[in-house]
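So this one's query-v3.cif, mmCIF, N, CA and C atoms:
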data_query
loop_
_atom_site.label_atom_id
_atom_site.label_comp_id
_atom_site.auth_asym_id
_atom_site.auth_seq_id
_atom_site.Cartn_x
_atom_site.Cartn_y
_atom_site.Cartn_z
N MET A 197 123.50 48.74 83.47
CA MET A 197 122.55 48.81 84.55
C MET A 197 121.17 49.02 83.96
N LYS A 198 120.17 48.73 84.73
CA LYS A 198 118.80 48.98 84.31
C LYS A 198 118.12 49.87 85.33
N ASP A 199 117.28 50.78 84.84
CA ASP A 199 116.57 51.62 85.77
C ASP A 199 115.31 50.91 86.26
N ARG A 200 114.52 51.57 87.06
CA ARG A 200 113.36 50.95 87.69
C ARG A 200 112.38 50.34 86.69
N ASN A 201 112.29 50.92 85.51
CA ASN A 201 111.38 50.44 84.49
C ASN A 201 112.05 49.48 83.53
N SER A 202 113.16 48.89 83.93
CA SER A 202 113.93 47.91 83.16
C SER A 202 114.50 48.47 81.86
N ARG A 203 114.70 49.77 81.81
CA ARG A 203 115.37 50.36 80.66
C ARG A 203 116.86 50.33 80.93
N SER A 204 117.63 50.05 79.91
CA SER A 204 119.07 50.03 80.08
C SER A 204 119.60 51.43 80.34
N VAL A 205 120.51 51.53 81.27
CA VAL A 205 121.23 52.77 81.52
C VAL A 205 122.68 52.48 81.22
N GLU A 206 123.21 53.12 80.21
CA GLU A 206 124.59 52.86 79.83
C GLU A 206 125.54 53.35 80.92
N PRO A 207 126.57 52.56 81.24
CA PRO A 207 127.54 53.00 82.25
C PRO A 207 128.14 54.36 81.95
N THR A 208 128.27 54.69 80.65
CA THR A 208 128.84 55.99 80.30
C THR A 208 127.89 57.12 80.68
N ASP A 209 126.59 56.81 80.84
CA ASP A 209 125.61 57.81 81.25
C ASP A 209 125.65 58.06 82.75
N ALA A 210 126.22 57.14 83.49
CA ALA A 210 126.26 57.24 84.95
C ALA A 210 127.60 57.81 85.39
N LEU A 211 127.57 58.59 86.42
CA LEU A 211 128.80 59.15 86.98
C LEU A 211 129.27 58.24 88.11
N TRP A 212 130.34 57.50 87.88
CA TRP A 212 130.88 56.58 88.88
C TRP A 212 131.82 57.36 89.79
N PHE A 213 131.76 57.09 91.08
CA PHE A 213 132.69 57.70 92.03
C PHE A 213 133.09 56.68 93.07
N LYS A 214 134.29 56.87 93.61
CA LYS A 214 134.81 55.94 94.61
C LYS A 214 134.11 56.19 95.94
N SER A 215 133.69 55.13 96.56
CA SER A 215 133.00 55.23 97.83
C SER A 215 133.94 55.78 98.90
N THR A 216 133.40 56.62 99.77
CA THR A 216 134.20 57.15 100.87
C THR A 216 134.49 56.07 101.89
N TYR A 217 133.80 54.93 101.80
CA TYR A 217 134.04 53.81 102.71
C TYR A 217 135.13 52.88 102.20
N SER A 218 135.65 53.12 101.00
CA SER A 218 136.73 52.29 100.48
C SER A 218 137.99 52.55 101.28
N GLY A 219 138.78 51.52 101.42
CA GLY A 219 140.04 51.65 102.15
C GLY A 219 141.02 52.56 101.44
N GLY A 220 141.88 53.21 102.17
CA GLY A 220 142.86 54.13 101.60
C GLY A 220 144.06 53.44 100.99
N GLU A 221 144.20 52.15 101.18
CA GLU A 221 145.35 51.41 100.68
C GLU A 221 145.21 51.02 99.21
N GLY A 222 144.03 51.18 98.64
CA GLY A 222 143.83 50.85 97.24
C GLY A 222 143.42 49.42 96.99
N ASN A 223 143.29 48.60 98.03
CA ASN A 223 142.94 47.20 97.82
C ASN A 223 141.47 46.92 98.13
N GLU A 224 140.73 47.91 98.59
CA GLU A 224 139.31 47.74 98.90
C GLU A 224 138.53 48.88 98.26
N CYS A 225 138.54 48.91 96.94
CA CYS A 225 137.95 50.04 96.23
C CYS A 225 136.60 49.68 95.64
N VAL A 226 135.59 50.41 96.06
CA VAL A 226 134.24 50.24 95.56
C VAL A 226 133.82 51.55 94.91
N GLU A 227 133.23 51.44 93.71
CA GLU A 227 132.70 52.62 93.05
C GLU A 227 131.17 52.51 93.01
N VAL A 228 130.53 53.65 93.09
CA VAL A 228 129.08 53.73 93.10
C VAL A 228 128.65 54.70 92.00
N ALA A 229 127.53 54.40 91.35
CA ALA A 229 126.97 55.30 90.35
C ALA A 229 125.48 55.47 90.62
N LEU A 230 125.02 56.69 90.50
CA LEU A 230 123.60 56.98 90.67
C LEU A 230 123.03 57.25 89.29
N ALA A 231 122.00 56.49 88.91
CA ALA A 231 121.39 56.63 87.59
C ALA A 231 119.87 56.55 87.76
N GLY A 232 119.28 57.66 88.06
CA GLY A 232 117.83 57.68 88.26
C GLY A 232 117.44 56.91 89.51
N GLN A 233 116.59 55.92 89.34
CA GLN A 233 116.12 55.11 90.45
C GLN A 233 117.01 53.91 90.72
N VAL A 234 118.16 53.85 90.05
CA VAL A 234 119.07 52.71 90.18
C VAL A 234 120.41 53.19 90.72
N THR A 235 120.98 52.39 91.61
CA THR A 235 122.34 52.63 92.11
C THR A 235 123.20 51.46 91.67
N GLY A 236 124.32 51.78 91.05
CA GLY A 236 125.24 50.74 90.60
C GLY A 236 126.43 50.66 91.53
N VAL A 237 126.97 49.46 91.67
CA VAL A 237 128.15 49.22 92.50
C VAL A 237 129.09 48.34 91.69
N ARG A 238 130.38 48.67 91.71
CA ARG A 238 131.37 47.86 91.00
C ARG A 238 132.72 47.97 91.69
N ASP A 239 133.60 47.06 91.34
CA ASP A 239 134.98 47.06 91.83
C ASP A 239 135.77 48.03 90.97
N SER A 240 136.37 49.04 91.59
CA SER A 240 137.09 50.05 90.82
C SER A 240 138.33 49.48 90.13
N LYS A 241 138.83 48.36 90.62
CA LYS A 241 140.00 47.76 89.99
C LYS A 241 139.61 46.97 88.74
N ALA A 242 138.32 46.76 88.54
CA ALA A 242 137.82 46.04 87.37
C ALA A 242 136.64 46.81 86.81
N ALA A 243 136.86 48.08 86.46
CA ALA A 243 135.78 48.96 86.04
C ALA A 243 135.00 48.43 84.83
N GLY A 244 135.63 47.64 84.00
CA GLY A 244 134.94 47.07 82.86
C GLY A 244 134.24 45.76 83.17
N GLY A 245 134.35 45.31 84.41
CA GLY A 245 133.80 44.03 84.82
C GLY A 245 132.34 44.14 85.22
N PRO A 246 131.87 43.16 85.98
CA PRO A 246 130.46 43.13 86.37
C PRO A 246 130.07 44.29 87.28
N GLU A 247 128.81 44.65 87.20
CA GLU A 247 128.24 45.70 88.04
C GLU A 247 127.02 45.14 88.74
N LEU A 248 126.82 45.56 89.95
CA LEU A 248 125.61 45.23 90.70
C LEU A 248 124.70 46.45 90.62
N ALA A 249 123.46 46.25 90.22
CA ALA A 249 122.51 47.36 90.14
C ALA A 249 121.30 47.04 91.02
N VAL A 250 120.98 47.96 91.92
CA VAL A 250 119.84 47.80 92.81
C VAL A 250 119.07 49.12 92.83
N THR A 251 117.83 49.07 93.31
CA THR A 251 117.08 50.31 93.42
C THR A 251 117.78 51.22 94.42
N THR A 252 117.63 52.51 94.21
CA THR A 252 118.26 53.48 95.10
C THR A 252 117.72 53.32 96.52
N GLY A 253 116.44 52.99 96.65
CA GLY A 253 115.86 52.77 97.98
C GLY A 253 116.47 51.57 98.68
N ALA A 254 116.66 50.48 97.94
CA ALA A 254 117.27 49.29 98.53
C ALA A 254 118.71 49.57 98.94
N PHE A 255 119.42 50.36 98.16
CA PHE A 255 120.80 50.68 98.49
C PHE A 255 120.85 51.54 99.75
N ALA A 256 119.89 52.45 99.91
CA ALA A 256 119.83 53.28 101.11
C ALA A 256 119.59 52.43 102.35
N VAL A 257 118.71 51.43 102.24
CA VAL A 257 118.46 50.51 103.37
C VAL A 257 119.73 49.73 103.70
N PHE A 258 120.45 49.27 102.67
CA PHE A 258 121.71 48.55 102.86
C PHE A 258 122.73 49.42 103.59
N LEU A 259 122.89 50.67 103.14
CA LEU A 259 123.85 51.57 103.79
C LEU A 259 123.46 51.84 105.24
N ASP A 260 122.17 52.00 105.49
CA ASP A 260 121.70 52.22 106.86
C ASP A 260 122.06 51.02 107.74
N GLY A 261 121.90 49.81 107.20
CA GLY A 261 122.26 48.61 107.94
C GLY A 261 123.74 48.54 108.26
N LEU A 262 124.57 48.97 107.30
CA LEU A 262 126.01 49.00 107.53
C LEU A 262 126.37 50.01 108.62
N LYS A 263 125.82 51.21 108.49
CA LYS A 263 126.14 52.28 109.43
C LYS A 263 125.68 51.96 110.85
N SER A 264 124.54 51.28 110.99
CA SER A 264 124.00 50.99 112.32
C SER A 264 124.65 49.76 112.96
N GLY A 265 125.39 48.96 112.17
CA GLY A 265 126.01 47.76 112.69
C GLY A 265 125.13 46.52 112.63
N ARG A 266 123.90 46.68 112.12
CA ARG A 266 122.98 45.53 112.04
C ARG A 266 123.49 44.44 111.10
N LEU A 267 124.39 44.78 110.20
CA LEU A 267 124.90 43.79 109.26
C LEU A 267 126.26 43.22 109.66
N ASP A 268 126.74 43.62 110.83
CA ASP A 268 128.02 43.08 111.30
C ASP A 268 127.92 41.59 111.56
N THR A 269 128.97 40.88 111.24
CA THR A 269 129.03 39.45 111.48
C THR A 269 129.33 39.20 112.95
N PRO A 270 128.55 38.32 113.61
CA PRO A 270 128.85 38.01 115.01
C PRO A 270 130.25 37.40 115.13
N ARG A 271 130.92 37.75 116.17
CA ARG A 271 132.30 37.24 116.37
C ARG A 271 132.30 36.13 117.39
#

Would you encode the structure as structure tokens?
Amino acid sequence: MKDRNSRSVEPTDALWFKSTYSGGEGNECVEVALAGQVTGVRDSKAAGGPELAVTTGAFAVFLDGLKSGRLDTPR
């Protein structure tokens, strides 16, 4: 991951935790890591795989959109 100033943040430096929004069945597992001004997201079933890194502010806006339903797909 990279922090706001484009410095690399090693995954070992970040504390990854399973999202409380992940399903309890084990098939929808998302892990999140907070590393300064960067929030990382990855699939817990592929912890060594790709990671998505966004600013912490952008991640907060995304979570707000999820919680409010603004990001729900029309049915």

Distance of atom N of Trp212 in chain A from atom N of Lys241 in chain A, expressed in Å to one decimal place:
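Going from atom N of Lys241 in chain A over to atom N of Trp212 in chain A, I get 12.8 Å.
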
Report, in Å to a single decimal, how far apart CA of Gly261 in chain A and CA of Ala229 in chain A are.
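Separation of CA of Ala229 in chain A and CA of Gly261 in chain A: 19.4 Å.
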
CA of Ser264 in chain A and atom C of Val237 in chain A, how far apart in Å?
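Computed distance, atom C of Val237 in chain A to CA of Ser264 in chain A, equals 21.4 Å.
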
The PyMOL selection byres (((chain A and resi 233 and name CA) around 8) and name CA) resolved against shown file, as a PyMOL selection string:
chain A and resi 199-200+230-232+234-235+251-253

Picked residues, the PyMOL selection byres ((chain A and resi 227) around 8), expected as a PyMOL selection string:
chain A and resi 211-216+218+224-226+228-230+236-241

Kindly output range 255-266 of chain A as a PDB file, in the coordinates of the input, after building all heavy atoms.
ATOM      1  N   PHE A 255     119.420  50.360  98.160  1.00  0.00           N
ATOM      2  CA  PHE A 255     120.800  50.680  98.490  1.00  0.00           C
ATOM      3  C   PHE A 255     120.850  51.540  99.750  1.00  0.00           C
ATOM      4  O   PHE A 255     121.720  51.356 100.606  1.00  0.00           O
ATOM      5  CB  PHE A 255     121.483  51.396  97.316  1.00  0.00           C
ATOM      6  CG  PHE A 255     122.962  51.533  97.477  1.00  0.00           C
ATOM      7  CD1 PHE A 255     123.780  50.416  97.442  1.00  0.00           C
ATOM      8  CD2 PHE A 255     123.551  52.763  97.670  1.00  0.00           C
ATOM      9  CE1 PHE A 255     125.167  50.531  97.586  1.00  0.00           C
ATOM     10  CE2 PHE A 255     124.927  52.889  97.824  1.00  0.00           C
ATOM     11  CZ  PHE A 255     125.729  51.771  97.782  1.00  0.00           C
ATOM     12  N   ALA A 256     119.890  52.450  99.910  1.00  0.00           N
ATOM     13  CA  ALA A 256     119.830  53.280 101.110  1.00  0.00           C
ATOM     14  C   ALA A 256     119.590  52.430 102.350  1.00  0.00           C
ATOM     15  O   ALA A 256     120.200  52.655 103.399  1.00  0.00           O
ATOM     16  CB  ALA A 256     118.735  54.338 100.966  1.00  0.00           C
ATOM     17  N   VAL A 257     118.710  51.430 102.240  1.00  0.00           N
ATOM     18  CA  VAL A 257     118.460  50.510 103.370  1.00  0.00           C
ATOM     19  C   VAL A 257     119.730  49.730 103.700  1.00  0.00           C
ATOM     20  O   VAL A 257     120.077  49.540 104.864  1.00  0.00           O
ATOM     21  CB  VAL A 257     117.288  49.561 103.041  1.00  0.00           C
ATOM     22  CG1 VAL A 257     117.162  48.454 104.074  1.00  0.00           C
ATOM     23  CG2 VAL A 257     115.994  50.346 102.932  1.00  0.00           C
ATOM     24  N   PHE A 258     120.450  49.270 102.670  1.00  0.00           N
ATOM     25  CA  PHE A 258     121.710  48.550 102.860  1.00  0.00           C
ATOM     26  C   PHE A 258     122.730  49.420 103.590  1.00  0.00           C
ATOM     27  O   PHE A 258     123.349  48.992 104.570  1.00  0.00           O
ATOM     28  CB  PHE A 258     122.249  48.093 101.505  1.00  0.00           C
ATOM     29  CG  PHE A 258     123.617  47.499 101.554  1.00  0.00           C
ATOM     30  CD1 PHE A 258     123.838  46.259 102.139  1.00  0.00           C
ATOM     31  CD2 PHE A 258     124.695  48.173 101.004  1.00  0.00           C
ATOM     32  CE1 PHE A 258     125.108  45.711 102.182  1.00  0.00           C
ATOM     33  CE2 PHE A 258     125.967  47.628 101.031  1.00  0.00           C
ATOM     34  CZ  PHE A 258     126.172  46.397 101.625  1.00  0.00           C
ATOM     35  N   LEU A 259     122.890  50.670 103.140  1.00  0.00           N
ATOM     36  CA  LEU A 259     123.850  51.570 103.790  1.00  0.00           C
ATOM     37  C   LEU A 259     123.460  51.840 105.240  1.00  0.00           C
ATOM     38  O   LEU A 259     124.319  51.886 106.119  1.00  0.00           O
ATOM     39  CB  LEU A 259     123.949  52.888 103.027  1.00  0.00           C
ATOM     40  CG  LEU A 259     124.655  52.842 101.688  1.00  0.00           C
ATOM     41  CD1 LEU A 259     124.666  54.229 101.050  1.00  0.00           C
ATOM     42  CD2 LEU A 259     126.071  52.303 101.816  1.00  0.00           C
ATOM     43  N   ASP A 260     122.170  52.000 105.490  1.00  0.00           N
ATOM     44  CA  ASP A 260     121.700  52.220 106.860  1.00  0.00           C
ATOM     45  C   ASP A 260     122.060  51.020 107.740  1.00  0.00           C
ATOM     46  O   ASP A 260     122.477  51.179 108.882  1.00  0.00           O
ATOM     47  CB  ASP A 260     120.192  52.464 106.865  1.00  0.00           C
ATOM     48  CG  ASP A 260     119.675  52.780 108.252  1.00  0.00           C
ATOM     49  OD1 ASP A 260     120.184  53.729 108.879  1.00  0.00           O
ATOM     50  OD2 ASP A 260     118.765  52.061 108.705  1.00  0.00           O
ATOM     51  N   GLY A 261     121.900  49.810 107.200  1.00  0.00           N
ATOM     52  CA  GLY A 261     122.260  48.610 107.940  1.00  0.00           C
ATOM     53  C   GLY A 261     123.740  48.540 108.260  1.00  0.00           C
ATOM     54  O   GLY A 261     124.147  48.140 109.345  1.00  0.00           O
ATOM     55  N   LEU A 262     124.570  48.970 107.300  1.00  0.00           N
ATOM     56  CA  LEU A 262     126.010  49.000 107.530  1.00  0.00           C
ATOM     57  C   LEU A 262     126.370  50.010 108.620  1.00  0.00           C
ATOM     58  O   LEU A 262     127.135  49.711 109.534  1.00  0.00           O
ATOM     59  CB  LEU A 262     126.766  49.366 106.247  1.00  0.00           C
ATOM     60  CG  LEU A 262     126.820  48.328 105.152  1.00  0.00           C
ATOM     61  CD1 LEU A 262     127.494  48.908 103.912  1.00  0.00           C
ATOM     62  CD2 LEU A 262     127.555  47.089 105.616  1.00  0.00           C
ATOM     63  N   LYS A 263     125.820  51.210 108.490  1.00  0.00           N
ATOM     64  CA  LYS A 263     126.140  52.280 109.430  1.00  0.00           C
ATOM     65  C   LYS A 263     125.680  51.960 110.850  1.00  0.00           C
ATOM     66  O   LYS A 263     126.355  52.319 111.816  1.00  0.00           O
ATOM     67  CB  LYS A 263     125.502  53.599 108.974  1.00  0.00           C
ATOM     68  CG  LYS A 263     126.120  54.150 107.714  1.00  0.00           C
ATOM     69  CD  LYS A 263     125.361  55.394 107.269  1.00  0.00           C
ATOM     70  CE  LYS A 263     125.876  55.907 105.952  1.00  0.00           C
ATOM     71  NZ  LYS A 263     125.106  57.065 105.468  1.00  0.00           N
ATOM     72  N   SER A 264     124.540  51.280 110.990  1.00  0.00           N
ATOM     73  CA  SER A 264     124.000  50.990 112.320  1.00  0.00           C
ATOM     74  C   SER A 264     124.650  49.760 112.960  1.00  0.00           C
ATOM     75  O   SER A 264     124.471  49.514 114.144  1.00  0.00           O
ATOM     76  CB  SER A 264     122.501  50.741 112.211  1.00  0.00           C
ATOM     77  OG  SER A 264     122.245  49.526 111.537  1.00  0.00           O
ATOM     78  N   GLY A 265     125.390  48.960 112.170  1.00  0.00           N
ATOM     79  CA  GLY A 265     126.010  47.760 112.690  1.00  0.00           C
ATOM     80  C   GLY A 265     125.130  46.520 112.630  1.00  0.00           C
ATOM     81  O   GLY A 265     125.529  45.446 113.029  1.00  0.00           O
ATOM     82  N   ARG A 266     123.900  46.680 112.120  1.00  0.00           N
ATOM     83  CA  ARG A 266     122.980  45.530 112.040  1.00  0.00           C
ATOM     84  C   ARG A 266     123.490  44.440 111.100  1.00  0.00           C
ATOM     85  O   ARG A 266     123.062  43.304 111.202  1.00  0.00           O
ATOM     86  CB  ARG A 266     121.606  45.988 111.585  1.00  0.00           C
ATOM     87  CG  ARG A 266     120.863  46.794 112.614  1.00  0.00           C
ATOM     88  CD  ARG A 266     119.403  47.015 112.232  1.00  0.00           C
ATOM     89  NE  ARG A 266     119.192  47.447 110.869  1.00  0.00           N
ATOM     90  CZ  ARG A 266     119.075  48.712 110.476  1.00  0.00           C
ATOM     91  NH1 ARG A 266     119.172  49.679 111.362  1.00  0.00           N
ATOM     92  NH2 ARG A 266     118.855  49.011 109.227  1.00  0.00           N
TER      93      ARG A 266
END
